[in-house]
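Enquirer: Hey, dropping start.cif in here, mmCIF, C-alpha atoms:
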data_protein
#
loop_
_atom_site.label_atom_id
_atom_site.label_comp_id
_atom_site.auth_asym_id
_atom_site.auth_seq_id
_atom_site.Cartn_x
_atom_site.Cartn_y
_atom_site.Cartn_z
CA MET O 1 0.00 0.00 0.00
CA MET O 2 1.37 3.42 -0.94
CA LEU O 3 1.88 5.71 2.04
CA ALA O 4 0.54 9.27 1.95
CA PRO O 5 3.31 11.85 1.50
CA SER O 6 4.46 13.62 4.66
CA PHE O 7 4.35 17.39 4.84
CA ASP O 8 5.68 17.73 8.38
CA PHE O 9 7.88 20.62 7.26
CA LEU O 10 4.92 22.88 6.41
CA PRO O 11 4.42 24.60 9.80
CA SER O 12 8.00 25.89 10.00
CA LEU O 13 8.04 26.73 6.30
CA GLY O 14 4.74 28.56 6.66
CA GLN O 15 6.22 30.90 9.28
CA ALA O 16 9.08 31.78 6.95
CA VAL O 17 6.74 32.36 4.00
CA ARG O 18 4.50 34.55 6.15
CA ASP O 19 7.53 36.65 7.09
CA ALA O 20 8.58 36.93 3.44
CA ALA O 21 5.09 38.06 2.42
CA ARG O 22 5.09 40.75 5.08
CA GLU O 23 8.54 41.97 4.03
CA ALA O 24 7.37 42.11 0.43
CA GLY O 25 4.36 44.16 1.50
CA ALA O 26 6.61 46.59 3.34
CA MET O 27 8.66 46.95 0.15
CA ALA O 28 5.57 47.72 -1.93
CA LEU O 29 3.83 50.23 0.32
CA PRO O 30 6.19 53.19 -0.31
CA PHE O 31 5.22 52.99 -4.00
CA PHE O 32 1.47 52.94 -3.28
CA ARG O 33 -0.55 56.17 -3.30
CA ALA O 34 -4.10 55.71 -1.99
CA GLY O 35 -6.54 57.18 -4.53
CA GLY O 36 -3.76 58.27 -6.87
CA GLN O 37 -1.13 57.16 -9.36
CA THR O 38 1.67 54.98 -8.03
CA ALA O 39 5.08 56.47 -7.35
CA ALA O 40 6.60 53.47 -9.14
CA ARG O 41 7.66 53.48 -12.77
CA LEU O 42 4.89 51.94 -14.87
CA TRP O 43 4.97 50.28 -18.28
CA PHE O 44 2.88 47.77 -20.23
CA LYS O 45 3.59 44.27 -21.44
CA GLU O 46 1.57 41.98 -23.72
CA ARG O 47 -2.19 42.59 -23.97
CA SER O 48 -1.72 46.02 -22.36
CA SER O 49 -1.10 44.40 -18.98
CA PRO O 50 0.54 46.89 -16.60
CA VAL O 51 3.70 46.20 -14.65
CA THR O 52 5.55 48.46 -12.23
CA GLU O 53 9.04 48.54 -10.79
CA ALA O 54 7.45 47.38 -7.53
CA ASP O 55 6.23 44.16 -9.22
CA ILE O 56 9.76 43.43 -10.40
CA ALA O 57 11.40 44.32 -7.08
CA LEU O 58 9.02 42.07 -5.14
CA ASP O 59 9.40 39.27 -7.64
CA ASN O 60 13.18 39.34 -7.35
CA PHE O 61 13.01 39.47 -3.56
CA LEU O 62 10.53 36.60 -3.27
CA LYS O 63 12.36 34.40 -5.76
CA GLU O 64 15.61 34.79 -3.86
CA ARG O 65 13.99 34.29 -0.43
CA LEU O 66 11.72 31.37 -1.30
CA SER O 67 14.36 29.58 -3.36
CA ARG O 68 16.65 29.68 -0.32
CA LEU O 69 13.89 28.22 1.85
CA MET O 70 13.35 25.30 -0.53
CA PRO O 71 16.04 25.04 -3.20
CA GLU O 72 14.59 21.89 -4.74
CA ALA O 73 11.34 23.63 -5.69
CA GLY O 74 10.66 24.98 -9.15
CA TRP O 75 9.45 28.52 -9.80
CA LEU O 76 6.44 29.99 -11.61
CA SER O 77 5.64 33.68 -11.33
CA GLU O 78 3.76 36.28 -13.34
CA GLU O 79 6.86 38.46 -13.56
CA THR O 80 9.51 35.82 -14.33
CA GLU O 81 10.07 34.27 -17.76
CA ASP O 82 8.68 30.76 -17.58
CA ASP O 83 11.21 27.93 -17.31
CA SER O 84 9.92 24.52 -18.37
CA ALA O 85 12.28 22.91 -15.84
CA ARG O 86 9.51 23.47 -13.29
CA LEU O 87 7.50 20.71 -14.96
CA ASP O 88 10.00 18.12 -13.71
CA ARG O 89 9.84 19.30 -10.09
CA ARG O 90 7.55 17.77 -7.50
CA PHE O 91 7.41 21.06 -5.59
CA VAL O 92 6.91 24.44 -7.25
CA TRP O 93 6.61 27.95 -5.84
CA ILE O 94 3.77 29.79 -7.57
CA VAL O 95 3.86 33.53 -6.95
CA ASP O 96 2.15 36.74 -7.94
CA PRO O 97 4.27 39.53 -6.41
CA ILE O 98 1.45 42.04 -6.85
CA ASP O 99 -1.91 40.54 -7.74
CA GLY O 100 -4.04 43.44 -8.93
CA THR O 101 -1.33 45.63 -10.45
CA ARG O 102 -3.93 47.94 -12.03
CA ALA O 103 -5.40 48.55 -8.59
CA PHE O 104 -1.97 49.09 -7.06
CA ALA O 105 -1.00 51.51 -9.82
CA SER O 106 -4.22 53.54 -9.60
CA GLY O 107 -4.45 53.81 -5.81
CA HIS O 108 -7.16 51.19 -5.21
CA PRO O 109 -6.48 49.29 -1.94
CA ASP O 110 -7.51 45.82 -3.15
CA TRP O 111 -4.17 44.37 -4.27
CA SER O 112 -2.27 41.54 -2.67
CA ILE O 113 0.83 39.37 -2.60
CA SER O 114 0.05 35.73 -3.37
CA ILE O 115 2.43 32.85 -2.59
CA ALA O 116 1.70 29.13 -2.94
CA LEU O 117 3.77 25.99 -2.70
CA VAL O 118 2.38 23.27 -4.95
CA ALA O 119 3.15 19.58 -4.66
CA ASP O 120 2.19 17.17 -7.44
CA GLY O 121 -0.16 19.72 -9.00
CA ARG O 122 -2.06 20.82 -5.89
CA PRO O 123 -1.29 23.56 -3.32
CA VAL O 124 -0.03 22.50 0.11
CA LEU O 125 0.89 25.94 1.46
CA GLY O 126 -0.71 29.31 0.69
CA VAL O 127 -0.25 32.88 1.88
CA ILE O 128 -2.09 35.99 0.66
CA HIS O 129 -1.07 39.32 2.14
CA ALA O 130 -3.13 42.49 1.57
CA PRO O 131 -0.81 45.21 2.93
CA THR O 132 -3.19 48.17 2.73
CA HIS O 133 -5.80 46.24 4.73
CA GLU O 134 -3.20 44.79 7.12
CA GLN O 135 -4.65 41.34 6.47
CA LEU O 136 -2.73 38.12 5.99
CA TYR O 137 -4.50 34.92 4.98
CA GLU O 138 -2.70 31.60 5.23
CA ALA O 139 -3.28 27.87 5.06
CA SER O 140 -1.32 24.65 5.04
CA LEU O 141 -2.65 21.30 3.94
CA GLY O 142 -4.73 19.65 6.64
CA SER O 143 -4.09 22.38 9.22
CA GLY O 144 -6.89 24.84 8.47
CA ALA O 145 -6.91 28.42 7.23
CA SER O 146 -6.67 31.69 9.09
CA ARG O 147 -6.73 35.46 8.67
CA ASN O 148 -4.41 37.38 10.98
CA GLY O 149 -4.21 34.28 13.14
CA LYS O 150 -7.99 33.76 13.49
CA ARG O 151 -9.37 30.49 12.16
CA LEU O 152 -11.59 30.72 9.09
CA SER O 153 -14.67 28.57 8.46
CA VAL O 154 -17.51 28.92 5.97
CA SER O 155 -19.30 25.75 7.12
CA HIS O 156 -22.29 27.75 8.38
CA ALA O 157 -22.74 29.81 5.22
CA ALA O 158 -26.18 31.16 4.36
CA PRO O 159 -28.46 29.42 1.84
CA LEU O 160 -27.90 30.24 -1.82
CA ASP O 161 -30.40 33.10 -1.99
CA HIS O 162 -29.82 36.82 -1.50
CA VAL O 163 -26.13 35.96 -1.56
CA ARG O 164 -23.28 38.43 -1.89
CA VAL O 165 -21.54 37.80 -5.20
CA ALA O 166 -18.32 39.30 -6.60
CA GLY O 167 -16.89 38.76 -10.04
CA PRO O 168 -17.18 39.75 -13.70
CA GLN O 169 -20.50 41.33 -14.61
CA PRO O 170 -21.57 38.72 -17.23
CA LEU O 171 -21.04 35.82 -14.82
CA VAL O 172 -22.76 37.62 -11.95
CA ASP O 173 -25.75 38.42 -14.19
CA HIS O 174 -25.95 34.78 -15.29
CA LEU O 175 -25.98 33.55 -11.69
CA GLY O 176 -28.63 36.11 -10.75
CA ARG O 177 -30.92 34.96 -13.55
CA ARG O 178 -30.68 31.37 -12.29
CA ILE O 179 -31.02 31.74 -8.52
CA GLY O 180 -33.00 34.94 -8.04
CA PRO O 181 -32.09 38.06 -6.07
CA ILE O 182 -28.42 38.53 -5.28
CA GLU O 183 -26.29 41.34 -3.91
CA HIS O 184 -23.72 42.25 -6.53
CA LEU O 185 -20.64 43.41 -4.66
CA PRO O 186 -18.00 45.58 -6.31
CA LYS O 187 -15.48 43.50 -8.24
CA VAL O 188 -12.32 42.97 -6.20
CA PRO O 189 -9.41 43.74 -8.58
CA SER O 190 -7.08 41.20 -6.95
CA LEU O 191 -8.47 37.78 -7.83
CA ALA O 192 -6.49 36.17 -5.01
CA LEU O 193 -8.07 38.59 -2.54
CA ARG O 194 -11.55 38.11 -4.01
CA LEU O 195 -11.30 34.37 -3.40
CA ALA O 196 -9.80 34.82 0.06
CA ARG O 197 -12.84 36.89 0.98
CA VAL O 198 -15.03 33.91 0.16
CA ALA O 199 -12.98 31.99 2.72
CA ASP O 200 -13.51 34.69 5.36
CA GLY O 201 -17.26 34.92 4.64
CA SER O 202 -17.40 38.52 3.41
CA ILE O 203 -18.24 37.23 -0.08
CA ASP O 204 -20.62 34.27 -0.49
CA VAL O 205 -19.86 33.44 -4.14
CA GLY O 206 -16.69 34.43 -5.98
CA LEU O 207 -16.79 34.11 -9.76
CA VAL O 208 -13.73 33.86 -11.99
CA SER O 209 -13.59 34.60 -15.70
CA ALA O 210 -11.60 32.49 -18.16
CA ASN O 211 -7.82 32.84 -18.50
CA SER O 212 -6.83 33.20 -14.88
CA HIS O 213 -3.34 31.87 -14.21
CA ASP O 214 -1.86 29.61 -11.58
CA TRP O 215 -0.36 32.58 -9.74
CA ASP O 216 -3.78 34.24 -9.43
CA ILE O 217 -5.51 31.36 -7.70
CA ALA O 218 -3.17 28.70 -6.23
CA ALA O 219 -2.77 30.20 -2.74
CA ALA O 220 -6.45 31.14 -2.54
CA ASP O 221 -7.47 27.64 -3.63
CA LEU O 222 -5.86 26.09 -0.57
CA ILE O 223 -7.16 28.79 1.79
CA LEU O 224 -10.67 28.17 0.46
CA GLY O 225 -10.38 24.41 0.85
CA GLU O 226 -9.06 24.60 4.39
CA ALA O 227 -11.88 27.00 5.31
CA GLY O 228 -14.59 24.65 4.04
CA ALA O 229 -15.12 26.05 0.54
CA LEU O 230 -14.35 24.86 -2.97
CA LEU O 231 -12.84 26.40 -6.09
CA THR O 232 -13.80 24.49 -9.24
CA ASP O 233 -14.85 24.94 -12.82
CA PHE O 234 -18.55 24.79 -13.65
CA ASP O 235 -18.33 20.99 -13.99
CA GLY O 236 -17.05 20.70 -10.42
CA VAL O 237 -13.46 19.92 -11.38
CA PRO O 238 -10.75 21.59 -9.25
CA PRO O 239 -7.78 23.23 -10.96
CA VAL O 240 -4.49 21.38 -11.40
CA TYR O 241 -1.31 23.44 -11.18
CA ASN O 242 2.14 23.44 -12.74
CA GLN O 243 0.92 22.31 -16.13
CA VAL O 244 2.51 23.24 -19.46
CA ARG O 245 -0.13 25.93 -19.93
CA PRO O 246 -0.84 27.38 -16.46
CA ARG O 247 -4.21 28.88 -17.38
CA HIS O 248 -7.75 28.04 -16.32
CA GLY O 249 -11.32 28.45 -17.49
CA GLU O 250 -14.31 29.99 -15.73
CA MET O 251 -14.62 29.01 -12.09
CA VAL O 252 -16.69 29.49 -8.96
CA ALA O 253 -15.63 29.68 -5.31
CA VAL O 254 -18.33 28.90 -2.74
CA ALA O 255 -18.93 27.07 0.54
CA SER O 256 -18.75 23.32 0.03
CA ARG O 257 -22.36 22.63 0.96
CA LEU O 258 -23.60 25.24 -1.53
CA HIS O 259 -21.25 24.13 -4.29
CA PRO O 260 -23.58 21.70 -6.13
CA ARG O 261 -26.31 24.32 -6.50
CA ALA O 262 -23.83 27.04 -7.48
CA ILE O 263 -22.20 25.06 -10.28
CA GLY O 264 -25.62 23.82 -11.41
CA ALA O 265 -26.76 27.41 -11.74
CA MET O 266 -23.67 28.40 -13.70
CA ARG O 267 -24.00 25.42 -16.06
CA ALA O 268 -27.69 26.10 -16.75
#
Would you mind writing the structure in this file as structure tokens?
Expert:
Amino acid sequence: MMLAPSFDFLPSLGQAVRDAAREAGAMALPFFRAGGQTAARLWFKERSSPVTEADIALDNFLKERLSRLMPEAGWLSEETEDDSARLDRRFVWIVDPIDGTRAFASGHPDWSISIALVADGRPVLGVIHAPTHEQLYEASLGSGASRNGKRLSVSHAAPLDHVRVAGPQPLVDHLGRRIGPIEHLPKVPSLALRLARVADGSIDVGLVSANSHDWDIAAADLILGEAGALLTDFDGVPPVYNQVRPRHGEMVAVASRLHPRAIGAMRA
């Protein structure tokens, strides 16, 4: 009989990753201007996607720090050129140094730093730090999820009616037509933070448009799961990470007991 893999190292590693996320946040904050244009240099890459010098500085810092913590792990980040060598590694760091760069650059507070460690295609450690909100979400496999040290649980979520929904307008409208009245919350620019807020109960249903990447969702996926929620596509299939093409289709994040009705509504 094959024994389950041991992840006894996760608690000590989690402390170090938490510290790295907080240091990265402290690096980013001097560039942030609430309600105004960032102090960082700003340019655009493919598909008019913005990037700032803060993104690059945090990416370099986190790659150096996390690679020292676990040298055998591969690396996948939004701001680093992809290296296919990661595909041969059991463990891979998956990082978005600033998730929600448009928000960061324009002075909107909803941006975050997202760090996940993936093993065999699924996250085993996740940290999301929202510096402007002074909130840090974290989870390790089998040990629960927390925000600022307080345990998270969505097991007593409300029924799927009059729910608070955040996500792209077309998907929110579709859900509303299928389940009746909903409260459409403002879209949270950082996808990682949007999903983390499902885990903390401030959002009931988080919807995700097509073409999200591993770095947008991997840490949040574990935090959701450890809090009693699920992130899947509309067929109920959870994402697999560290694939050749690290992109995903439309998805929904919701409390586990509401998941069947939510995906049924989105498929209808």
Enquirer: Which residues are near region 105-120 of chain O? Cut-off 7 Å, all atoms listed in the file, ignore same chain within fewer than 6 positions. Put them as an NGL selection string.
Expert: :O and (21 or 32-38 or 90-99 or 126-132 or 188-190 or 192-193 or 218-219)
Enquirer: I'd like the neighbourhood of Val240 (chain O) as a PDB file with C-alpha atoms, in the coordinates of the input, where a residue qualifies if any of its atoms comes within 12 Å (using only C-alpha atoms), though same-chain residues fewer than 2 positions away should be ignored.
Expert:
ATOM      1  CA  VAL O 118       2.380  23.270  -4.950  1.00  0.00           C
ATOM      2  CA  ALA O 119       3.150  19.580  -4.660  1.00  0.00           C
ATOM      3  CA  ASP O 120       2.190  17.170  -7.440  1.00  0.00           C
ATOM      4  CA  GLY O 121      -0.160  19.720  -9.000  1.00  0.00           C
ATOM      5  CA  ARG O 122      -2.060  20.820  -5.890  1.00  0.00           C
ATOM      6  CA  PRO O 123      -1.290  23.560  -3.320  1.00  0.00           C
ATOM      7  CA  HIS O 213      -3.340  31.870 -14.210  1.00  0.00           C
ATOM      8  CA  ASP O 214      -1.860  29.610 -11.580  1.00  0.00           C
ATOM      9  CA  ILE O 217      -5.510  31.360  -7.700  1.00  0.00           C
ATOM     10  CA  ALA O 218      -3.170  28.700  -6.230  1.00  0.00           C
ATOM     11  CA  ASP O 221      -7.470  27.640  -3.630  1.00  0.00           C
ATOM     12  CA  LEU O 222      -5.860  26.090  -0.570  1.00  0.00           C
ATOM     13  CA  LEU O 231     -12.840  26.400  -6.090  1.00  0.00           C
ATOM     14  CA  THR O 232     -13.800  24.490  -9.240  1.00  0.00           C
ATOM     15  CA  ASP O 233     -14.850  24.940 -12.820  1.00  0.00           C
ATOM     16  CA  VAL O 237     -13.460  19.920 -11.380  1.00  0.00           C
ATOM     17  CA  PRO O 238     -10.750  21.590  -9.250  1.00  0.00           C
ATOM     18  CA  ASN O 242       2.140  23.440 -12.740  1.00  0.00           C
ATOM     19  CA  GLN O 243       0.920  22.310 -16.130  1.00  0.00           C
ATOM     20  CA  VAL O 244       2.510  23.240 -19.460  1.00  0.00           C
ATOM     21  CA  ARG O 245      -0.130  25.930 -19.930  1.00  0.00           C
ATOM     22  CA  PRO O 246      -0.840  27.380 -16.460  1.00  0.00           C
ATOM     23  CA  ARG O 247      -4.210  28.880 -17.380  1.00  0.00           C
ATOM     24  CA  HIS O 248      -7.750  28.040 -16.320  1.00  0.00           C
ATOM     25  CA  GLY O 249     -11.320  28.450 -17.490  1.00  0.00           C
TER      26      GLY O 249
END
Enquirer: Evaluate the PyMOL selection byres ((chain O and resi 266) around 8) against this structure - the residues, as a list in words, please.
Expert: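 So the PyMOL selection byres ((chain O and resi 266) around 8) ends up selecting Leu171, His174, Leu175, Arg178, Phe234, Ala262, Ile263, Gly264, Ala265, Arg267 and Ala268 of chain O.
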Enquirer: Rank nothing, just name the residue among O:Gly225, O:Pro168, O:Gly100, O:Gly142 nearest to Val154 (chain O), using only C-alpha atoms.
Expert: O:Gly225
Enquirer: Any chance you could work out the residue set of the PyMOL selection byres ((chain O and resi 182) around 7) here, as an MDAnalysis selection string?
Expert: chainID O and resid 161:165 176 180:181 183:184
Enquirer: Take the residues from that selection and put them in a file with C-alpha atoms, as a PDB file, in the frame of the given file.
Expert:
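File written: result-v2.pdb
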ATOM      1  CA  ASP O 161     -30.400  33.100  -1.990  1.00  0.00           C
ATOM      2  CA  HIS O 162     -29.820  36.820  -1.500  1.00  0.00           C
ATOM      3  CA  VAL O 163     -26.130  35.960  -1.560  1.00  0.00           C
ATOM      4  CA  ARG O 164     -23.280  38.430  -1.890  1.00  0.00           C
ATOM      5  CA  VAL O 165     -21.540  37.800  -5.200  1.00  0.00           C
ATOM      6  CA  GLY O 176     -28.630  36.110 -10.750  1.00  0.00           C
ATOM      7  CA  GLY O 180     -33.000  34.940  -8.040  1.00  0.00           C
ATOM      8  CA  PRO O 181     -32.090  38.060  -6.070  1.00  0.00           C
ATOM      9  CA  GLU O 183     -26.290  41.340  -3.910  1.00  0.00           C
ATOM     10  CA  HIS O 184     -23.720  42.250  -6.530  1.00  0.00           C
TER      11      HIS O 184
END
Enquirer: Ranking O:Ala28, O:Leu76, O:Leu13, O:Ala229 by minimum distance to Glu53 (chain O) and counting all atoms listed in the file, which one comes first?
Expert: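 Checking each of O:Ala28, O:Leu76, O:Leu13, O:Ala229 against Glu53 (chain O), counting all atoms listed in the file, the winner is O:Ala28.
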Enquirer: Would you mind reading off the distance between CA of Ala220 (chain O) and CA of Ala196 (chain O), one decimal, in Å?
Expert: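 Taking CA of Ala220 (chain O) and CA of Ala196 (chain O), their separation equals 5.6 Å.
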Enquirer: List every protein, DNA or RNA residue that has at least one atom no more than 10 Å from (-18.3, 38.4, -3.4) in the file's coordinates, counting only C-alpha atoms, and write the result as a ChimeraX atom specification.
Expert: /O:163-167,172,183-188,194-198,201-207,253-254
Enquirer: Output, as JSON, the centre and edge lengths in Å (one decimal) of the axis-aligned box that contains all listed atoms of region 98-116 of chain O with 4 Å of margin on each side.
Expert:
{"center_x": -2.5, "center_y": 41.5, "center_z": -7.0, "size_x": 17.9, "size_y": 32.7, "size_z": 18.1}
Enquirer: Take CA of Glu138 (chain O) and CA of Leu58 (chain O) and report the distance between them in Å, one decimal.
Expert: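 Value for the CA of Glu138 (chain O)-CA of Leu58 (chain O) distance: 18.8 Å.
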Enquirer: So what do you get for CA of Glu81 (chain O) versus CA of Ile223 (chain O), distance-wise?
Expert: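 Taking CA of Glu81 (chain O) as the start and CA of Ile223 (chain O) as the end point, the length is 26.6 Å.
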